[in-house]
$ cat upload.json   # JSON, C-alpha atoms (C1' of nucleotides)
[["chain", "number", "residue", "atom", "x", "y", "z"],
["A", 19, "MET", "CA", 0.00, 0.00, 0.00],
["A", 20, "ILE", "CA", 1.73, 3.08, -1.32],
["A", 21, "GLU", "CA", -0.33, 5.49, 0.78],
["A", 22, "ASN", "CA", 1.32, 4.19, 3.88],
["A", 23, "GLU", "CA", 4.79, 4.82, 2.49],
["A", 24, "ILE", "CA", 3.87, 8.31, 1.33],
["A", 25, "PHE", "CA", 2.52, 9.48, 4.67],
["A", 26, "ARG", "CA", 5.27, 7.76, 6.59],
["A", 27, "ALA", "CA", 7.86, 9.45, 4.38],
["A", 28, "LEU", "CA", 6.31, 12.87, 4.95],
["A", 29, "ALA", "CA", 5.98, 12.31, 8.69],
["A", 30, "ASP", "CA", 9.68, 13.12, 9.18],
["A", 31, "PRO", "CA", 10.60, 16.84, 9.20],
["A", 32, "THR", "CA", 14.05, 16.21, 7.73],
["A", 33, "ARG", "CA", 12.52, 14.43, 4.75],
["A", 34, "ARG", "CA", 9.99, 17.21, 4.24],
["A", 35, "ALA", "CA", 12.89, 19.68, 4.29],
["A", 36, "LEU", "CA", 14.69, 17.68, 1.60],
["A", 37, "PHE", "CA", 11.52, 17.53, -0.44],
["A", 38, "GLU", "CA", 11.07, 21.27, -0.13],
["A", 39, "LYS", "CA", 14.65, 21.86, -1.20],
["A", 40, "LEU", "CA", 13.99, 19.83, -4.32],
["A", 41, "ALA", "CA", 11.04, 22.06, -5.10],
["A", 42, "ALA", "CA", 13.65, 24.67, -6.06],
["A", 43, "GLY", "CA", 14.83, 22.32, -8.78],
["A", 44, "ARG", "CA", 16.84, 19.20, -9.54],
["A", 45, "MET", "CA", 19.76, 18.68, -7.17],
["A", 46, "ASN", "CA", 22.32, 16.04, -6.23],
["A", 47, "ALA", "CA", 22.69, 14.49, -2.79],
["A", 48, "SER", "CA", 25.69, 16.60, -1.78],
["A", 49, "ALA", "CA", 23.91, 19.82, -2.68],
["A", 50, "LEU", "CA", 20.88, 18.69, -0.70],
["A", 51, "ARG", "CA", 23.09, 18.15, 2.31],
["A", 52, "GLN", "CA", 24.32, 21.76, 2.41],
["A", 53, "GLY", "CA", 23.39, 23.48, 5.67],
["A", 54, "MET", "CA", 21.64, 20.44, 7.08],
["A", 55, "SER", "CA", 24.10, 19.34, 9.80],
["A", 56, "ILE", "CA", 23.39, 15.69, 9.22],
["A", 57, "SER", "CA", 25.63, 12.85, 8.04],
["A", 58, "GLN", "CA", 25.88, 11.81, 4.40],
["A", 59, "PRO", "CA", 24.45, 8.33, 5.03],
["A", 60, "ALA", "CA", 21.43, 9.85, 6.75],
["A", 61, "ILE", "CA", 20.70, 11.92, 3.65],
["A", 62, "SER", "CA", 21.08, 8.82, 1.50],
["A", 63, "GLN", "CA", 18.68, 6.87, 3.70],
["A", 64, "HIS", "CA", 16.10, 9.64, 3.68],
["A", 65, "LEU", "CA", 16.27, 9.92, -0.09],
["A", 66, "SER", "CA", 15.74, 6.18, -0.34],
["A", 67, "VAL", "CA", 12.56, 6.45, 1.72],
["A", 68, "LEU", "CA", 11.31, 9.36, -0.38],
["A", 69, "ARG", "CA", 12.05, 7.44, -3.54],
["A", 70, "GLN", "CA", 10.16, 4.35, -2.39],
["A", 71, "ALA", "CA", 7.20, 6.61, -1.63],
["A", 72, "ARG", "CA", 7.36, 7.96, -5.18],
["A", 73, "LEU", "CA", 7.82, 11.45, -3.85],
["A", 74, "VAL", "CA", 11.26, 11.73, -5.45],
["A", 75, "ARG", "CA", 12.98, 10.16, -8.42],
["A", 76, "GLU", "CA", 16.64, 9.89, -9.28],
["A", 77, "GLU", "CA", 18.70, 10.11, -12.42],
["A", 78, "ARG", "CA", 22.26, 8.88, -12.35],
["A", 79, "GLN", "CA", 24.72, 11.00, -14.34],
["A", 80, "GLY", "CA", 28.25, 9.68, -14.10],
["A", 81, "ARG", "CA", 29.22, 9.55, -10.47],
["A", 82, "VAL", "CA", 26.55, 12.07, -9.51],
["A", 83, "VAL", "CA", 22.94, 11.21, -8.76],
["A", 84, "ASN", "CA", 20.47, 13.96, -9.41],
["A", 85, "TYR", "CA", 17.22, 13.93, -7.50],
["A", 86, "GLU", "CA", 13.98, 15.66, -8.39],
["A", 87, "ILE", "CA", 10.39, 15.73, -7.22],
["A", 88, "ASP", "CA", 8.27, 12.90, -8.61],
["A", 89, "PRO", "CA", 4.79, 14.16, -9.56],
["A", 90, "ASP", "CA", 3.36, 10.68, -8.96],
["A", 91, "GLY", "CA", 3.61, 11.04, -5.19],
["A", 92, "LEU", "CA", 1.87, 14.39, -5.26],
["A", 93, "ALA", "CA", -0.86, 12.98, -7.47],
["A", 94, "LEU", "CA", -1.38, 10.11, -5.02],
["A", 95, "ILE", "CA", -1.81, 12.58, -2.17],
["A", 96, "ALA", "CA", -4.26, 14.57, -4.26],
["A", 97, "GLY", "CA", -6.13, 11.35, -4.93],
["A", 98, "TRP", "CA", -6.29, 10.53, -1.24],
["A", 99, "LEU", "CA", -7.54, 14.01, -0.46],
["A", 100, "GLU", "CA", -10.27, 13.70, -3.03],
["A", 101, "ARG", "CA", -11.74, 10.74, -1.17],
["A", 102, "TYR", "CA", -12.76, 13.14, 1.57],
["A", 103, "ARG", "CA", -14.10, 15.68, -0.82],
["A", 104, "ALA", "CA", -17.38, 15.92, 1.08],
["A", 105, "TYR", "CA", -15.52, 17.44, 4.02],
["A", 106, "TRP", "CA", -13.38, 19.95, 2.19],
["A", 107, "PRO", "CA", -13.96, 23.58, 3.03],
["A", 108, "ALA", "CA", -16.24, 25.19, 0.47],
["A", 109, "ARG", "CA", -13.52, 27.08, -1.37],
["A", 110, "VAL", "CA", -11.42, 24.00, -1.92],
["A", 111, "ASN", "CA", -14.42, 21.83, -2.70],
["A", 112, "ALA", "CA", -15.12, 23.49, -6.04],
["A", 113, "LEU", "CA", -11.75, 22.25, -7.27],
["A", 114, "SER", "CA", -12.94, 18.68, -7.12],
["A", 115, "ASP", "CA", -15.85, 19.44, -9.42],
["A", 116, "LEU", "CA", -13.41, 20.65, -12.00],
["A", 117, "LEU", "CA", -11.29, 17.54, -11.51],
["A", 118, "LYS", "CA", -14.27, 15.34, -12.24],
["A", 119, "ASP", "CA", -14.99, 17.26, -15.46],
["A", 120, "MET", "CA", -11.43, 16.74, -16.60],
["A", 121, "GLU", "CA", -11.44, 12.97, -16.26],
["A", 122, "PRO", "CA", -10.73, 11.31, -19.62],
["B", 27, "MET", "CA", 4.32, 23.15, 13.51],
["B", 28, "ILE", "CA", 0.97, 21.61, 12.70],
["B", 29, "GLU", "CA", 2.15, 20.05, 9.44],
["B", 30, "ASN", "CA", 4.32, 17.69, 11.40],
["B", 31, "GLU", "CA", 1.42, 16.52, 13.54],
["B", 32, "ILE", "CA", -0.81, 16.07, 10.51],
["B", 33, "PHE", "CA", 1.58, 13.87, 8.56],
["B", 34, "ARG", "CA", 2.61, 11.97, 11.66],
["B", 35, "ALA", "CA", -1.03, 11.31, 12.44],
["B", 36, "LEU", "CA", -1.71, 10.01, 8.95],
["B", 37, "ALA", "CA", 1.42, 7.86, 8.93],
["B", 38, "ASP", "CA", -0.34, 5.22, 11.01],
["B", 39, "PRO", "CA", -2.68, 2.87, 9.12],
["B", 40, "THR", "CA", -4.99, 2.40, 12.09],
["B", 41, "ARG", "CA", -5.51, 6.15, 12.35],
["B", 42, "ARG", "CA", -6.16, 6.42, 8.62],
["B", 43, "ALA", "CA", -8.74, 3.64, 9.00],
["B", 44, "LEU", "CA", -10.46, 5.56, 11.80],
["B", 45, "PHE", "CA", -10.41, 8.70, 9.70],
["B", 46, "GLU", "CA", -11.93, 6.85, 6.78],
["B", 47, "LYS", "CA", -14.65, 5.44, 9.00],
["B", 48, "LEU", "CA", -15.53, 8.96, 10.06],
["B", 49, "ALA", "CA", -15.91, 9.92, 6.41],
["B", 50, "ALA", "CA", -19.15, 7.92, 6.53],
["B", 51, "GLY", "CA", -20.43, 10.36, 9.13],
["B", 52, "ARG", "CA", -20.26, 11.40, 12.78],
["B", 53, "MET", "CA", -19.65, 8.50, 15.13],
["B", 54, "ASN", "CA", -18.75, 7.86, 18.77],
["B", 55, "ALA", "CA", -15.65, 6.04, 19.97],
["B", 56, "SER", "CA", -17.41, 2.73, 20.62],
["B", 57, "ALA", "CA", -18.90, 2.67, 17.14],
["B", 58, "LEU", "CA", -15.49, 3.44, 15.66],
["B", 59, "ARG", "CA", -14.07, 0.47, 17.51],
["B", 60, "GLN", "CA", -16.43, -2.05, 15.90],
["B", 61, "GLY", "CA", -14.56, -4.68, 13.90],
["B", 62, "MET", "CA", -11.15, -3.20, 14.67],
["B", 63, "SER", "CA", -9.76, -5.84, 17.10],
["B", 64, "ILE", "CA", -7.95, -3.23, 19.13],
["B", 65, "SER", "CA", -8.36, -2.15, 22.76],
["B", 66, "GLN", "CA", -10.54, 0.76, 23.81],
["B", 67, "PRO", "CA", -7.60, 2.80, 25.18],
["B", 68, "ALA", "CA", -5.78, 2.40, 21.87],
["B", 69, "ILE", "CA", -8.76, 3.91, 20.05],
["B", 70, "SER", "CA", -8.86, 6.74, 22.55],
["B", 71, "GLN", "CA", -5.14, 7.44, 22.07],
["B", 72, "HIS", "CA", -5.43, 7.41, 18.29],
["B", 73, "LEU", "CA", -8.37, 9.80, 18.39],
["B", 74, "SER", "CA", -6.36, 12.11, 20.61],
["B", 75, "VAL", "CA", -3.55, 12.20, 18.04],
["B", 76, "LEU", "CA", -6.00, 12.85, 15.21],
["B", 77, "ARG", "CA", -7.63, 15.62, 17.20],
["B", 78, "GLN", "CA", -4.32, 17.34, 17.93],
["B", 79, "ALA", "CA", -3.58, 17.24, 14.22],
["B", 80, "ARG", "CA", -6.93, 18.94, 13.55],
["B", 81, "LEU", "CA", -8.00, 16.03, 11.40],
["B", 82, "VAL", "CA", -10.86, 15.20, 13.76],
["B", 83, "ARG", "CA", -12.97, 17.15, 16.21],
["B", 84, "GLU", "CA", -15.14, 15.97, 19.07],
["B", 85, "GLU", "CA", -18.45, 16.98, 20.52],
["B", 86, "ARG", "CA", -19.41, 15.69, 23.95],
["B", 87, "GLN", "CA", -23.08, 14.74, 24.34],
["B", 88, "GLY", "CA", -23.84, 13.39, 27.78],
["B", 89, "ARG", "CA", -21.58, 10.44, 28.40],
["B", 90, "VAL", "CA", -20.98, 9.90, 24.71],
["B", 91, "VAL", "CA", -18.33, 11.69, 22.67],
["B", 92, "ASN", "CA", -19.12, 12.05, 19.00],
["B", 93, "TYR", "CA", -16.23, 12.42, 16.60],
["B", 94, "GLU", "CA", -16.29, 13.87, 13.11],
["B", 95, "ILE", "CA", -13.84, 14.89, 10.42],
["B", 96, "ASP", "CA", -12.39, 18.36, 10.91],
["B", 97, "PRO", "CA", -12.14, 20.19, 7.57],
["B", 98, "ASP", "CA", -9.25, 22.27, 8.93],
["B", 99, "GLY", "CA", -6.82, 19.36, 8.70],
["B", 100, "LEU", "CA", -7.83, 18.62, 5.13],
["B", 101, "ALA", "CA", -7.43, 22.29, 4.24],
["B", 102, "LEU", "CA", -3.93, 22.29, 5.73],
["B", 103, "ILE", "CA", -2.97, 19.30, 3.60],
["B", 104, "ALA", "CA", -4.40, 21.02, 0.53],
["B", 105, "GLY", "CA", -2.34, 24.09, 1.44],
["B", 106, "TRP", "CA", 0.82, 22.03, 1.75],
["B", 107, "LEU", "CA", 0.11, 20.38, -1.60],
["B", 108, "GLU", "CA", -0.33, 23.74, -3.26],
["B", 109, "ARG", "CA", 3.23, 24.71, -2.36],
["B", 110, "TYR", "CA", 4.43, 22.14, -4.86],
["B", 111, "ARG", "CA", 2.00, 23.21, -7.50],
["B", 112, "ALA", "CA", 4.75, 23.52, -10.10],
["B", 113, "TYR", "CA", 5.24, 19.75, -9.94],
["B", 114, "TRP", "CA", 1.64, 18.64, -10.06],
["B", 115, "PRO", "CA", 0.65, 16.53, -13.04],
["B", 116, "ALA", "CA", -0.92, 18.67, -15.73],
["B", 117, "ARG", "CA", -4.50, 17.58, -15.06],
["B", 118, "VAL", "CA", -4.31, 18.42, -11.38],
["B", 119, "ASN", "CA", -2.39, 21.60, -12.01],
["B", 120, "ALA", "CA", -5.31, 23.39, -13.58],
["B", 121, "LEU", "CA", -7.10, 23.13, -10.25],
["B", 122, "SER", "CA", -4.62, 25.44, -8.67],
["B", 123, "ASP", "CA", -5.36, 28.15, -11.21],
["B", 124, "LEU", "CA", -8.96, 28.05, -10.14],
["B", 125, "LEU", "CA", -7.94, 28.20, -6.48],
["B", 126, "LYS", "CA", -5.96, 31.36, -7.15],
["B", 127, "ASP", "CA", -8.96, 32.97, -8.82],
["B", 128, "MET", "CA", -11.08, 32.18, -5.80],
["B", 129, "GLU", "CA", -8.82, 33.89, -3.27],
["B", 130, "PRO", "CA", -10.70, 36.68, -1.49],
["C", 30, "DC", "C1'", -27.73, 7.41, 45.21],
["C", 31, "DC", "C1'", -25.12, 3.97, 42.85],
["C", 32, "DA", "C1'", -24.07, 0.55, 39.53],
["C", 33, "DA", "C1'", -23.24, 0.37, 34.86],
["C", 34, "DC", "C1'", -21.64, 2.77, 31.16],
["C", 35, "DA", "C1'", -18.39, 5.60, 27.87],
["C", 36, "DC", "C1'", -14.32, 7.26, 27.61],
["C", 37, "DA", "C1'", -9.54, 9.11, 29.31],
["C", 38, "DT", "C1'", -5.19, 8.60, 31.68],
["C", 39, "DA", "C1'", -1.20, 5.91, 33.71],
["C", 40, "DA", "C1'", 2.46, 2.80, 33.40],
["C", 41, "DG", "C1'", 5.09, -0.45, 31.17],
["C", 42, "DC", "C1'", 6.69, -3.25, 27.23],
["C", 43, "DA", "C1'", 8.33, -4.33, 22.59],
["C", 44, "DC", "C1'", 9.34, -2.95, 18.18],
["C", 45, "DA", "C1'", 10.18, 0.66, 14.56],
["C", 46, "DG", "C1'", 12.92, 4.11, 12.92],
["C", 47, "DA", "C1'", 16.31, 8.05, 12.77],
["C", 48, "DC", "C1'", 20.79, 8.69, 13.69],
["C", 49, "DT", "C1'", 25.82, 7.56, 14.01],
["C", 50, "DT", "C1'", 30.60, 5.47, 12.33],
["C", 51, "DA", "C1'", 32.70, 2.22, 9.33],
["C", 52, "DT", "C1'", 32.98, 0.20, 5.02],
["C", 53, "DG", "C1'", 31.58, -1.02, 0.19],
["C", 54, "DT", "C1'", 30.67, 0.18, -4.84],
["C", 55, "DG", "C1'", 30.95, 2.55, -8.92],
["C", 56, "DT", "C1'", 33.03, 6.68, -11.61],
["C", 57, "DT", "C1'", 36.45, 9.90, -13.33],
["C", 58, "DG", "C1'", 40.39, 13.15, -13.86],
["C", 59, "DG", "C1'", 45.43, 13.15, -13.93],
["D", 4, "DC", "C1'", 45.73, 2.67, -13.43],
["D", 5, "DC", "C1'", 44.66, 4.66, -9.10],
["D", 6, "DA", "C1'", 43.49, 8.12, -5.89],
["D", 7, "DA", "C1'", 39.84, 11.02, -4.97],
["D", 8, "DC", "C1'", 35.18, 11.51, -5.35],
["D", 9, "DA", "C1'", 29.85, 10.69, -4.81],
["D", 10, "DC", "C1'", 26.95, 7.91, -3.00],
["D", 11, "DA", "C1'", 25.02, 3.33, -0.92],
["D", 12, "DT", "C1'", 25.00, -0.29, 2.49],
["D", 13, "DA", "C1'", 26.07, -2.44, 7.12],
["D", 14, "DA", "C1'", 25.79, -2.59, 11.87],
["D", 15, "DG", "C1'", 24.84, -0.76, 16.18],
["D", 16, "DT", "C1'", 22.60, 2.63, 19.44],
["D", 17, "DC", "C1'", 19.02, 5.29, 21.41],
["D", 18, "DT", "C1'", 14.59, 7.50, 21.27],
["D", 19, "DG", "C1'", 9.76, 7.47, 19.89],
["D", 20, "DT", "C1'", 5.54, 5.29, 19.48],
["D", 21, "DG", "C1'", 1.80, 1.88, 19.31],
["D", 22, "DC", "C1'", 0.10, -1.50, 22.00],
["D", 23, "DT", "C1'", -1.38, -3.74, 26.31],
["D", 24, "DT", "C1'", -3.62, -4.04, 31.25],
["D", 25, "DA", "C1'", -5.04, -1.43, 35.15],
["D", 26, "DT", "C1'", -7.25, 2.40, 36.95],
["D", 27, "DG", "C1'", -9.46, 7.06, 36.99],
["D", 28, "DT", "C1'", -13.29, 10.44, 35.74],
["D", 29, "DG", "C1'", -17.58, 11.94, 34.45],
["D", 30, "DT", "C1'", -22.62, 10.66, 33.22],
["D", 31, "DT", "C1'", -27.11, 8.50, 33.60],
["D", 32, "DG", "C1'", -31.06, 5.22, 34.15],
["D", 33, "DG", "C1'", -33.43, 2.72, 37.78]]
$ encode --input "upload.json" --output "structure tokens"
Amino acid sequence: MIENEIFRALADPTRRALFEKLAAGRMNASALRQGMSISQPAISQHLSVLRQARLVREERQGRVVNYEIDPDGLALIAGWLERYRAYWPARVNALSDLLKDMEP
Amino acid sequence: MIENEIFRALADPTRRALFEKLAAGRMNASALRQGMSISQPAISQHLSVLRQARLVREERQGRVVNYEIDPDGLALIAGWLERYRAYWPARVNALSDLLKDMEP
DNA sequence: CCAACACATAAGCACAGACTTATGTGTTGG
DNA sequence: CCAACACATAAGTCTGTGCTTATGTGTTGG
């Protein structure tokens, strides 16, 4: 169940910080580590968890591995949210109507 | 930081199951426990975590406590999602444009 | 009133997970 | 080639957390 991995991945503040850093654009592991006062293996482990949750994807280029946000994870969260559409605040709720119209 | 409590709360499958049960409508703790093969204190503890994350709210009626989904938590998740709007899949992305138009 | 009820809190246990240091694996410039 | 680099994996530690049983608190019908 991928939902479990997604929410578990986002439950850790360090991983959310890494994810947010990647929102600025594609980056390698060393660049992600800058200013984080955490060991290199810890970064590697966190990135592995994010990758398994489909929140992040990697692209190896020589001896560097570039990471970037994976839209799949975000889409899965959006899908989860939509299940509780009936309880969204009114302003957000209208979005779901549009989503339904856009289904193929 | 409420985000941390929200994602931590949703990281547990039992809590997500309780949340999903509440999507069917307002319910008290005993009703939520039905078919869950878990102790009563465990339910109470989970509901406390969900409440602190603003995913659930309670309303005491006599000696019964009715729980229901709190839209605030869902709105906070939607707000977090919107921060990564640039990476949403195209179909979902259009929703954000509408959201922007609806801002007061 | 008070016994039964509905739920919360306390205390303790066992396992998960976030970190560390040490080491392994693959890549590249000189 | 091989040393330096970029990252992954291994192994161990320590804290957090999800569960249990036991007990506490507030409410209500008879």
$ interface_residues --input "upload.json" --of "chain D" --to "chain A" --cutoff "10 Å" --atoms "all atoms listed in the file" --output "short mmCIF file (atom, residue, chain, number, x, y, z; two decimals) with C-alpha atoms (C1' of nucleotides), keeping the file's coordinate frame"
data_model
loop_
_atom_site.label_atom_id
_atom_site.label_comp_id
_atom_site.auth_asym_id
_atom_site.auth_seq_id
_atom_site.Cartn_x
_atom_site.Cartn_y
_atom_site.Cartn_z
"C1'" DC D 8 35.18 11.51 -5.35
"C1'" DA D 9 29.85 10.69 -4.81
"C1'" DC D 10 26.95 7.91 -3.00
"C1'" DA D 11 25.02 3.33 -0.92
"C1'" DT D 12 25.00 -0.29 2.49
#
$ calpha_fit_and_write --input "upload.json" --fixed "chain A" --moving "chain B" --output "PDB file with C-alpha atoms, keeping the file's coordinate frame"
ATOM      1  CA  MET B  27       0.038  -0.023   0.019  1.00  0.00           C
ATOM      2  CA  ILE B  28       1.787   3.052  -1.297  1.00  0.00           C
ATOM      3  CA  GLU B  29      -0.298   5.474   0.763  1.00  0.00           C
ATOM      4  CA  ASN B  30       1.346   4.176   3.882  1.00  0.00           C
ATOM      5  CA  GLU B  31       4.826   4.793   2.517  1.00  0.00           C
ATOM      6  CA  ILE B  32       3.894   8.273   1.342  1.00  0.00           C
ATOM      7  CA  PHE B  33       2.532   9.481   4.664  1.00  0.00           C
ATOM      8  CA  ARG B  34       5.283   7.758   6.599  1.00  0.00           C
ATOM      9  CA  ALA B  35       7.856   9.444   4.401  1.00  0.00           C
ATOM     10  CA  LEU B  36       6.323  12.861   4.949  1.00  0.00           C
ATOM     11  CA  ALA B  37       5.989  12.326   8.694  1.00  0.00           C
ATOM     12  CA  ASP B  38       9.666  13.130   9.170  1.00  0.00           C
ATOM     13  CA  PRO B  39      10.592  16.833   9.185  1.00  0.00           C
ATOM     14  CA  THR B  40      14.039  16.219   7.728  1.00  0.00           C
ATOM     15  CA  ARG B  41      12.520  14.427   4.747  1.00  0.00           C
ATOM     16  CA  ARG B  42       9.985  17.207   4.240  1.00  0.00           C
ATOM     17  CA  ALA B  43      12.883  19.682   4.290  1.00  0.00           C
ATOM     18  CA  LEU B  44      14.697  17.678   1.610  1.00  0.00           C
ATOM     19  CA  PHE B  45      11.530  17.527  -0.444  1.00  0.00           C
ATOM     20  CA  GLU B  46      11.078  21.264  -0.143  1.00  0.00           C
ATOM     21  CA  LYS B  47      14.658  21.853  -1.215  1.00  0.00           C
ATOM     22  CA  LEU B  48      14.002  19.811  -4.328  1.00  0.00           C
ATOM     23  CA  ALA B  49      11.043  22.048  -5.121  1.00  0.00           C
ATOM     24  CA  ALA B  50      13.651  24.655  -6.077  1.00  0.00           C
ATOM     25  CA  GLY B  51      14.850  22.300  -8.791  1.00  0.00           C
ATOM     26  CA  ARG B  52      16.867  19.167  -9.533  1.00  0.00           C
ATOM     27  CA  MET B  53      19.788  18.683  -7.180  1.00  0.00           C
ATOM     28  CA  ASN B  54      22.335  16.021  -6.233  1.00  0.00           C
ATOM     29  CA  ALA B  55      22.725  14.493  -2.787  1.00  0.00           C
ATOM     30  CA  SER B  56      25.717  16.621  -1.790  1.00  0.00           C
ATOM     31  CA  ALA B  57      23.918  19.831  -2.684  1.00  0.00           C
ATOM     32  CA  LEU B  58      20.888  18.693  -0.701  1.00  0.00           C
ATOM     33  CA  ARG B  59      23.113  18.167   2.305  1.00  0.00           C
ATOM     34  CA  GLN B  60      24.339  21.772   2.412  1.00  0.00           C
ATOM     35  CA  GLY B  61      23.402  23.502   5.659  1.00  0.00           C
ATOM     36  CA  MET B  62      21.628  20.453   7.062  1.00  0.00           C
ATOM     37  CA  SER B  63      24.114  19.376   9.795  1.00  0.00           C
ATOM     38  CA  ILE B  64      23.397  15.722   9.212  1.00  0.00           C
ATOM     39  CA  SER B  65      25.645  12.885   8.025  1.00  0.00           C
ATOM     40  CA  GLN B  66      25.893  11.833   4.398  1.00  0.00           C
ATOM     41  CA  PRO B  67      24.477   8.332   5.051  1.00  0.00           C
ATOM     42  CA  ALA B  68      21.461   9.873   6.770  1.00  0.00           C
ATOM     43  CA  ILE B  69      20.730  11.923   3.650  1.00  0.00           C
ATOM     44  CA  SER B  70      21.113   8.827   1.520  1.00  0.00           C
ATOM     45  CA  GLN B  71      18.698   6.872   3.735  1.00  0.00           C
ATOM     46  CA  HIS B  72      16.118   9.649   3.697  1.00  0.00           C
ATOM     47  CA  LEU B  73      16.298   9.910  -0.080  1.00  0.00           C
ATOM     48  CA  SER B  74      15.782   6.170  -0.318  1.00  0.00           C
ATOM     49  CA  VAL B  75      12.592   6.439   1.747  1.00  0.00           C
ATOM     50  CA  LEU B  76      11.335   9.342  -0.357  1.00  0.00           C
ATOM     51  CA  ARG B  77      12.082   7.425  -3.527  1.00  0.00           C
ATOM     52  CA  GLN B  78      10.200   4.335  -2.361  1.00  0.00           C
ATOM     53  CA  ALA B  79       7.235   6.563  -1.612  1.00  0.00           C
ATOM     54  CA  ARG B  80       7.405   7.915  -5.176  1.00  0.00           C
ATOM     55  CA  LEU B  81       7.852  11.418  -3.848  1.00  0.00           C
ATOM     56  CA  VAL B  82      11.297  11.692  -5.428  1.00  0.00           C
ATOM     57  CA  ARG B  83      13.021  10.118  -8.396  1.00  0.00           C
ATOM     58  CA  GLU B  84      16.692   9.864  -9.256  1.00  0.00           C
ATOM     59  CA  GLU B  85      18.732  10.077 -12.398  1.00  0.00           C
ATOM     60  CA  ARG B  86      22.317   8.854 -12.333  1.00  0.00           C
ATOM     61  CA  GLN B  87      24.773  10.971 -14.336  1.00  0.00           C
ATOM     62  CA  GLY B  88      28.304   9.668 -14.086  1.00  0.00           C
ATOM     63  CA  ARG B  89      29.246   9.545 -10.440  1.00  0.00           C
ATOM     64  CA  VAL B  90      26.587  12.053  -9.488  1.00  0.00           C
ATOM     65  CA  VAL B  91      22.972  11.185  -8.736  1.00  0.00           C
ATOM     66  CA  ASN B  92      20.498  13.951  -9.409  1.00  0.00           C
ATOM     67  CA  TYR B  93      17.249  13.920  -7.487  1.00  0.00           C
ATOM     68  CA  GLU B  94      14.005  15.634  -8.395  1.00  0.00           C
ATOM     69  CA  ILE B  95      10.412  15.706  -7.229  1.00  0.00           C
ATOM     70  CA  ASP B  96       8.302  12.871  -8.605  1.00  0.00           C
ATOM     71  CA  PRO B  97       4.827  14.130  -9.559  1.00  0.00           C
ATOM     72  CA  ASP B  98       3.406  10.642  -8.969  1.00  0.00           C
ATOM     73  CA  GLY B  99       3.636  10.998  -5.195  1.00  0.00           C
ATOM     74  CA  LEU B 100       1.905  14.361  -5.269  1.00  0.00           C
ATOM     75  CA  ALA B 101      -0.824  12.926  -7.485  1.00  0.00           C
ATOM     76  CA  LEU B 102      -1.352  10.075  -5.022  1.00  0.00           C
ATOM     77  CA  ILE B 103      -1.779  12.549  -2.176  1.00  0.00           C
ATOM     78  CA  ALA B 104      -4.232  14.550  -4.275  1.00  0.00           C
ATOM     79  CA  GLY B 105      -6.111  11.308  -4.952  1.00  0.00           C
ATOM     80  CA  TRP B 106      -6.267  10.485  -1.261  1.00  0.00           C
ATOM     81  CA  LEU B 107      -7.504  13.997  -0.498  1.00  0.00           C
ATOM     82  CA  GLU B 108     -10.243  13.686  -3.074  1.00  0.00           C
ATOM     83  CA  ARG B 109     -11.728  10.725  -1.216  1.00  0.00           C
ATOM     84  CA  TYR B 110     -12.750  13.118   1.527  1.00  0.00           C
ATOM     85  CA  ARG B 111     -14.097  15.669  -0.860  1.00  0.00           C
ATOM     86  CA  ALA B 112     -17.395  15.879   1.010  1.00  0.00           C
ATOM     87  CA  TYR B 113     -15.549  17.406   3.966  1.00  0.00           C
ATOM     88  CA  TRP B 114     -13.410  19.919   2.145  1.00  0.00           C
ATOM     89  CA  PRO B 115     -14.014  23.552   3.010  1.00  0.00           C
ATOM     90  CA  ALA B 116     -16.346  25.153   0.504  1.00  0.00           C
ATOM     91  CA  ARG B 117     -13.657  27.100  -1.348  1.00  0.00           C
ATOM     92  CA  VAL B 118     -11.523  24.037  -1.938  1.00  0.00           C
ATOM     93  CA  ASN B 119     -14.506  21.877  -2.731  1.00  0.00           C
ATOM     94  CA  ALA B 120     -15.230  23.582  -6.012  1.00  0.00           C
ATOM     95  CA  LEU B 121     -11.871  22.343  -7.254  1.00  0.00           C
ATOM     96  CA  SER B 122     -13.065  18.801  -7.128  1.00  0.00           C
ATOM     97  CA  ASP B 123     -15.964  19.581  -9.436  1.00  0.00           C
ATOM     98  CA  LEU B 124     -13.490  20.764 -12.004  1.00  0.00           C
ATOM     99  CA  LEU B 125     -11.393  17.630 -11.518  1.00  0.00           C
ATOM    100  CA  LYS B 126     -14.423  15.476 -12.252  1.00  0.00           C
ATOM    101  CA  ASP B 127     -15.089  17.382 -15.462  1.00  0.00           C
ATOM    102  CA  MET B 128     -11.527  16.795 -16.563  1.00  0.00           C
ATOM    103  CA  GLU B 129     -11.623  13.013 -16.218  1.00  0.00           C
ATOM    104  CA  PRO B 130     -10.924  11.361 -19.574  1.00  0.00           C
TER     105      PRO B 130
END
$ residues_around --input "upload.json" --residues "segment 22-30 of chain D" --least-positions-apart "4" --cutoff "10 Å" --atoms "all atoms listed in the file" --output "PyMOL selection string"
(chain B and resi 64-65+67-68+87-90) or (chain C and resi 34-43)
$ closest_residue --input "upload.json" --among "B:Leu107, B:Ile28, B:Met53, B:Leu73" --to "chain A" --atoms "all atoms listed in the file"
B:Leu107
$ residues_near_point --input "upload.json" --point "(11.7, -3.4, 20.5)" --cutoff "12 Å" --atoms "all atoms listed in the file" --output "JSON, numbers by chain"
{"C": [42, 43, 44, 45, 46], "D": [17, 18, 19, 20, 21, 22]}
$ closest_residue --input "upload.json" --among "A:Arg44, A:Ala29, A:Met19, A:Asp88" --to "chain B" --atoms "all atoms listed in the file"
A:Ala29
$ atom_distance --input "upload.json" --atom1 "atom C1' of DT52 of chain C" --atom2 "atom CA of Asp30 of chain A"
27.0 Å
$ closest_residue --input "upload.json" --among "B:Leu76, B:Leu58, B:Leu81, B:Leu100" --to "chain A" --atoms "only C-alpha atoms"
B:Leu100
$ atom_distance --input "upload.json" --atom1 "atom CA of Ala49 of chain B" --atom2 "atom CA of Ser63 of chain B"
20.0 Å
$ atom_distance --input "upload.json" --atom1 "atom CA of Ala108 of chain A" --atom2 "atom CA of Arg80 of chain B"
17.2 Å
